[in-house]
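Participant: Can you keep this structure in mind? I'll have questions shortly.
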Amino acid sequence: MQTEEKRASNFIEEFVEQDLASGRCDHVYTRFPPEPNGYLHIGHAKALCIDFSIAKKYGGKCNLRFDDTNPTKEDTEYVTGIQQDIHWLGYDWAELHYASDFFGKLYELAQVLIKKGVAYVDDQTPEEMRKNRGTLTRPGVNSPYRDRSVEENLDLFRRMKEGEFPDGSRVLRAKIDMASPNMIMRDPTLYRILRHHHHRTGDEWCIYPMYDFQHPLQDALEGITHSLCSLEYEIHRPLYDWVVNQVGFEHPPRQIEFARLNITRTIMSKRYLRRLVEEGYVAGWDDPRMPTLVAMRRRGYPPEAIRDFIDRVGVSKADSTVDEALLEHCVREALGDSAPRAMAVLDPLKIELINWPEDKVDEIELENHPDHPEMGSRKIPFGRELYIEREDFMEDPPKKFFRLAPGREVRLKGAYIIKCEEVVKDEAGNIVSLKCSVDMTSRSGSEGSLRKVKGTLHWVSALAAQECEVRLYEPILMDEESIEEDVETEEGAESEAAPAKDFISRLNPNSLTVKKGCMVEPAIAQAQIGDRFQFLRMGYFCMDPDSSQGKPVYNRIVSLKDSKPKEIKK
């Protein structure tokens, strides 16, 4: 009998348990197979978490495999970045493989198909092949080269490998059925000629296997039991099974598809993310506006928040779109319990306490976290000059405005009650500072602190204030619609089934706001790269790698406001 921990909670686990119970397999072996042509984004994180968690739940293993069969866009930079992302999310792989490690074996297996008479070399041009493939309502036309002899096909395929023919002049195709209602099965391409330096094999190969040939065979060669992939590959499953069966593996892997992840106002297409980087719309793959894991790490997202988000989204067979607010909610939940509190003034307005002695300095002690006394406290100097948020003062306030205004009182967090006595303006009428009086008996924790006022403001002392740059982020798209992941076509080119609207016109011009001249307390200024804080009343922030000695830079991770996420859109 299964233990409670092993009980299936989604359809993938049901399939796995059926296979274990029936004897189809006696262990579970999965793999995460990214192509190293860019950095992983949040959509890849769903597949990553599923692959590793299924293996872990059933006491199995999960490999990391780089499907590096298209050298024109692949690079060791992405190989390194992907490994770092996986470790950052909290996972590790059993074995590390590259498709390029198997090029020799895949070439041999292609020859097996030729010898069986189920693969042939085609001399048609790409245009002729597309024309002769037919349509959904019209069957395709057999290639005039389809009935070449085994000997001729073996010779031509060998000469393709040896570089005798120019790029694009010949391909190796499977011989299946040009009248199949599944267009994928109409004699798909297995190999193409492509002269391009490969990031691992250099110039050793000038022919490269297609994904639909390489991927199932490498799954089988690695001993993968369950090949988990996103839903768009469901139509490819018959070809996956055909390739493995034709080669003759005794224990073929089982392909199982799940719905991919789409998030509102988020670009989930690696091709479009690459365009944002290459055309300078963002600063790089790690720009905190990007949905890449390296960008989320830089912005300050905790890895446990991403795992929690993926878990809440769940595993289903139907594509859906998740509200971005759910991801932000998970981030807030993770940070709310772990991020120490601090004070920062993003749009400073100077205050002079007119009745505070010029040489008097008080020390205000503030807790680092209201729910975790073990996180300790910090002391902040309090003197005659302070900074508050400019939006916390109004010269002519409306009703229910409980912050500072002429003649009104507020409490400064952990300190004293002050009252605005005078507004100082420049010649143009702009407010440049405030003169306030302070109730010297009202210090927090003293008997005078029992006197209540309606507003409490955060502040920074001019005695210890450090100037800081703060970067505020909004979603990169203006409208709710997401841009989904592309799928590689049979010819190896990325799908052109792009959104109807040009996505560049949908970019949010306010996705980044840079605020210079912010004032922060010492704890913030002296932090380390990657340290996270809750800036009181302002949100959660993380120190950015652009920081330097004496010049801290902070990214807003998320605001404090936690709006209820909308329902998942089917």
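Naming scheme: A, B, ... for chains in displayed order of the structure tokens; residues 1 onward per chain; ligands 1 onward as shown.
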When DSSP is applied to the backbone of this structure, which of region 29-194 of chain A are assigned strand (DSSP E)? Write them out as a list in words.

Facilitator: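 Strand (DSSP E) assignments inside region 29-194 of chain A correspond to Tyr29, Thr30, Arg31, Phe32, Lys61, Cys62, Asn63, Leu64, Arg65, Phe66, Leu96, His97, Tyr98, Ala119, Tyr120, Val121, Asp122, Val171, Leu172, Arg173, Ala174, Thr189, Leu190, Tyr191, Arg192 and Ile193 of chain A.
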
Participant: Which of these residues is nearest to Phe11 (chain A), using only C-alpha atoms: A:Ile431, A:Met543, A:Ile351, A:Ala259?

Facilitator: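 Ranked by minimum distance to Phe11 (chain A), first place goes to A:Ala259.
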
Participant: Which one is closest to Lys350 (chain A): A:Cys518, A:Asp311, A:Leu190, A:Ala220? Count only C-alpha atoms.

Facilitator: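 Closest to Lys350 (chain A) of all the choices is A:Cys518.
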
Participant: Please provide the set of residues having any atom within 8 Å of region 335-349 of chain A, restricted to only C-alpha atoms, with same-chain residues fewer than 5 positions apart removed, written as a short mmCIF file (atom, residue, chain, number, x, y, z; two decimals) with N, CA and C atoms, in the first residue's frame.

Facilitator:
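Result went into part.cif, see below:
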```
data_model
loop_
_atom_site.label_atom_id
_atom_site.label_comp_id
_atom_site.auth_asym_id
_atom_site.auth_seq_id
_atom_site.Cartn_x
_atom_site.Cartn_y
_atom_site.Cartn_z
N PRO A 302 12.96 35.78 -3.53
CA PRO A 302 13.52 34.59 -2.87
C PRO A 302 13.17 33.34 -3.66
N GLU A 367 13.29 47.95 16.54
CA GLU A 367 13.39 46.51 16.32
C GLU A 367 13.61 46.23 14.83
N ASN A 368 14.34 45.17 14.54
CA ASN A 368 14.60 44.80 13.15
C ASN A 368 13.45 44.03 12.52
N HIS A 369 12.64 43.36 13.35
CA HIS A 369 11.47 42.66 12.84
C HIS A 369 10.45 42.55 13.98
N ASP A 371 8.06 40.54 14.52
CA ASP A 371 7.69 39.19 14.93
C ASP A 371 8.88 38.30 15.29
N MET A 375 16.02 38.68 15.87
CA MET A 375 16.72 39.43 14.83
C MET A 375 17.32 40.72 15.37
N TYR A 387 14.66 63.93 7.53
CA TYR A 387 13.97 63.86 6.24
C TYR A 387 12.71 63.01 6.40
N ILE A 388 11.63 63.47 5.75
CA ILE A 388 10.42 62.65 5.63
C ILE A 388 10.05 62.57 4.15
N GLU A 389 9.09 61.70 3.82
CA GLU A 389 8.61 61.62 2.44
C GLU A 389 7.84 62.88 2.08
N ARG A 390 8.12 63.42 0.90
CA ARG A 390 7.43 64.62 0.46
C ARG A 390 5.92 64.41 0.40
N GLU A 391 5.50 63.20 0.02
CA GLU A 391 4.05 62.95 -0.08
C GLU A 391 3.39 62.84 1.30
N VAL A 432 10.59 73.80 0.05
CA VAL A 432 11.95 73.28 0.15
C VAL A 432 12.22 72.66 1.51
N SER A 433 11.50 73.09 2.55
CA SER A 433 11.69 72.50 3.87
C SER A 433 10.54 72.90 4.78
N LEU A 434 10.53 72.27 5.96
CA LEU A 434 9.52 72.58 6.97
C LEU A 434 10.22 72.88 8.28
N HIS A 458 7.56 57.41 8.82
CA HIS A 458 8.96 57.00 8.88
C HIS A 458 9.83 58.20 8.55
N TRP A 459 11.10 58.13 8.87
CA TRP A 459 11.98 59.28 8.75
C TRP A 459 13.43 58.80 8.65
N VAL A 460 14.31 59.69 8.30
CA VAL A 460 15.75 59.43 8.31
C VAL A 460 16.43 60.65 8.88
N VAL A 470 17.28 54.47 -6.02
CA VAL A 470 16.25 53.44 -5.91
C VAL A 470 15.58 53.26 -7.27
N LYS A 515 14.92 56.72 -9.13
CA LYS A 515 14.85 57.84 -8.19
C LYS A 515 16.23 58.03 -7.56
N GLY A 517 18.92 60.54 -5.23
CA GLY A 517 18.84 61.44 -4.09
C GLY A 517 17.96 60.94 -2.97
N CYS A 518 17.66 59.65 -2.94
CA CYS A 518 16.90 59.08 -1.83
C CYS A 518 17.81 59.07 -0.59
N MET A 519 17.20 59.10 0.59
CA MET A 519 17.95 59.10 1.83
C MET A 519 17.60 57.86 2.64
N VAL A 520 18.64 57.16 3.09
CA VAL A 520 18.41 55.90 3.79
C VAL A 520 19.19 55.90 5.10
N GLU A 521 18.74 55.05 6.03
CA GLU A 521 19.41 54.93 7.32
C GLU A 521 20.67 54.07 7.18
N ALA A 523 21.74 51.22 8.33
CA ALA A 523 21.63 49.77 8.11
C ALA A 523 21.48 49.44 6.64
N ILE A 524 20.81 50.30 5.90
CA ILE A 524 20.58 50.08 4.48
C ILE A 524 21.85 50.40 3.69
N ARG A 532 18.10 41.97 1.50
CA ARG A 532 16.72 42.42 1.32
C ARG A 532 16.20 43.08 2.60
N PHE A 533 15.38 44.12 2.42
CA PHE A 533 14.77 44.82 3.53
C PHE A 533 13.32 45.14 3.19
N GLN A 534 12.54 45.32 4.25
CA GLN A 534 11.27 46.02 4.07
C GLN A 534 11.51 47.47 4.47
N PHE A 535 11.42 48.36 3.47
CA PHE A 535 11.46 49.78 3.78
C PHE A 535 10.08 50.14 4.33
N LEU A 536 10.01 50.61 5.55
CA LEU A 536 8.74 50.85 6.20
C LEU A 536 7.84 51.72 5.33
N TYR A 540 9.29 46.18 -0.34
CA TYR A 540 10.47 45.34 -0.13
C TYR A 540 11.52 45.69 -1.17
#
```

Participant: Which residues come within 10 Å of Arg384 (chain A), counting only C-alpha atoms, excluding same-chain residues fewer than 4 positions away, as an MDAnalysis selection string?

Facilitator: chainID A and resid 351:362 436 438 461:463

Participant: Quick one: write out the picked residues with N, CA, C and O atoms as an mmCIF file, in the first residue's frame?

Facilitator:
```
data_model
loop_
_atom_site.group_PDB
_atom_site.id
_atom_site.type_symbol
_atom_site.label_atom_id
_atom_site.label_comp_id
_atom_site.auth_asym_id
_atom_site.auth_seq_id
_atom_site.Cartn_x
_atom_site.Cartn_y
_atom_site.Cartn_z
ATOM 1 N N ILE A 351 13.242 68.541 7.262
ATOM 2 C CA ILE A 351 12.553 69.105 8.420
ATOM 3 C C ILE A 351 13.601 69.625 9.405
ATOM 4 O O ILE A 351 14.588 68.934 9.692
ATOM 5 N N GLU A 352 13.378 70.826 9.927
ATOM 6 C CA GLU A 352 14.210 71.364 10.994
ATOM 7 C C GLU A 352 13.366 71.444 12.261
ATOM 8 O O GLU A 352 12.290 72.047 12.271
ATOM 9 N N LEU A 353 13.824 70.830 13.339
ATOM 10 C CA LEU A 353 13.124 70.862 14.627
ATOM 11 C C LEU A 353 13.612 72.094 15.387
ATOM 12 O O LEU A 353 14.710 72.108 15.953
ATOM 13 N N ILE A 354 12.808 73.130 15.357
ATOM 14 C CA ILE A 354 13.269 74.460 15.783
ATOM 15 C C ILE A 354 13.534 74.551 17.278
ATOM 16 O O ILE A 354 14.304 75.423 17.726
ATOM 17 N N ASN A 355 12.895 73.693 18.071
ATOM 18 C CA ASN A 355 13.144 73.745 19.521
ATOM 19 C C ASN A 355 14.052 72.618 20.001
ATOM 20 O O ASN A 355 14.169 72.367 21.200
ATOM 21 N N TRP A 356 14.680 71.937 19.082
ATOM 22 C CA TRP A 356 15.621 70.866 19.440
ATOM 23 C C TRP A 356 17.022 71.474 19.541
ATOM 24 O O TRP A 356 17.497 72.113 18.605
ATOM 25 N N PRO A 357 17.713 71.302 20.653
ATOM 26 C CA PRO A 357 19.062 71.888 20.793
ATOM 27 C C PRO A 357 19.991 71.403 19.675
ATOM 28 O O PRO A 357 20.002 70.232 19.316
ATOM 29 N N GLU A 358 20.782 72.343 19.155
ATOM 30 C CA GLU A 358 21.613 72.030 18.003
ATOM 31 C C GLU A 358 22.625 70.929 18.282
ATOM 32 O O GLU A 358 22.953 70.135 17.400
ATOM 33 N N ASP A 359 23.135 70.857 19.490
ATOM 34 C CA ASP A 359 24.169 69.863 19.794
ATOM 35 C C ASP A 359 23.610 68.598 20.439
ATOM 36 O O ASP A 359 24.363 67.708 20.828
ATOM 37 N N LYS A 360 22.299 68.501 20.544
ATOM 38 C CA LYS A 360 21.683 67.340 21.182
ATOM 39 C C LYS A 360 21.484 66.213 20.159
ATOM 40 O O LYS A 360 20.955 66.435 19.073
ATOM 41 N N VAL A 361 21.925 65.004 20.504
ATOM 42 C CA VAL A 361 21.718 63.829 19.669
ATOM 43 C C VAL A 361 21.115 62.720 20.532
ATOM 44 O O VAL A 361 21.687 62.360 21.568
ATOM 45 N N ASP A 362 19.987 62.251 20.118
ATOM 46 C CA ASP A 362 19.319 61.156 20.815
ATOM 47 C C ASP A 362 19.560 59.863 20.038
ATOM 48 O O ASP A 362 19.799 59.897 18.832
ATOM 49 N N CYS A 436 9.486 72.633 12.210
ATOM 50 C CA CYS A 436 8.549 71.949 13.099
ATOM 51 C C CYS A 436 9.017 72.082 14.544
ATOM 52 O O CYS A 436 10.216 72.224 14.826
ATOM 53 N N VAL A 438 8.952 70.084 18.346
ATOM 54 C CA VAL A 438 8.911 68.715 18.824
ATOM 55 C C VAL A 438 8.471 68.702 20.280
ATOM 56 O O VAL A 438 8.887 69.547 21.073
ATOM 57 N N SER A 461 17.366 60.421 9.783
ATOM 58 C CA SER A 461 18.096 61.530 10.397
ATOM 59 C C SER A 461 19.153 62.058 9.440
ATOM 60 O O SER A 461 19.896 61.285 8.826
ATOM 61 N N ALA A 462 19.234 63.374 9.327
ATOM 62 C CA ALA A 462 20.258 63.975 8.468
ATOM 63 C C ALA A 462 21.662 63.697 9.004
ATOM 64 O O ALA A 462 22.645 63.740 8.254
ATOM 65 N N LEU A 463 21.772 63.382 10.302
ATOM 66 C CA LEU A 463 23.075 63.110 10.899
ATOM 67 C C LEU A 463 23.734 61.866 10.308
ATOM 68 O O LEU A 463 24.956 61.775 10.237
#
```

Participant: Could you please determine the separation between CA of Arg297 (chain A) and CA of Ile310 (chain A) in Å, to one decimal place?

Facilitator: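 Result for CA of Arg297 (chain A) versus CA of Ile310 (chain A): 16.0 Å, one decimal.
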
Participant: Please list as a list of chain:residue names every residue within 10 Å of Cys25 (chain A), counting only C-alpha atoms and excluding residues in the same chain fewer than 3 positions away.

Facilitator: A:Val16, A:Glu17, A:Gln18, A:Asp19, A:Leu20, A:Ala21, A:Ser22, A:Val28, A:Tyr29, A:Thr225, A:His226, A:His251, A:Pro252, A:Pro253
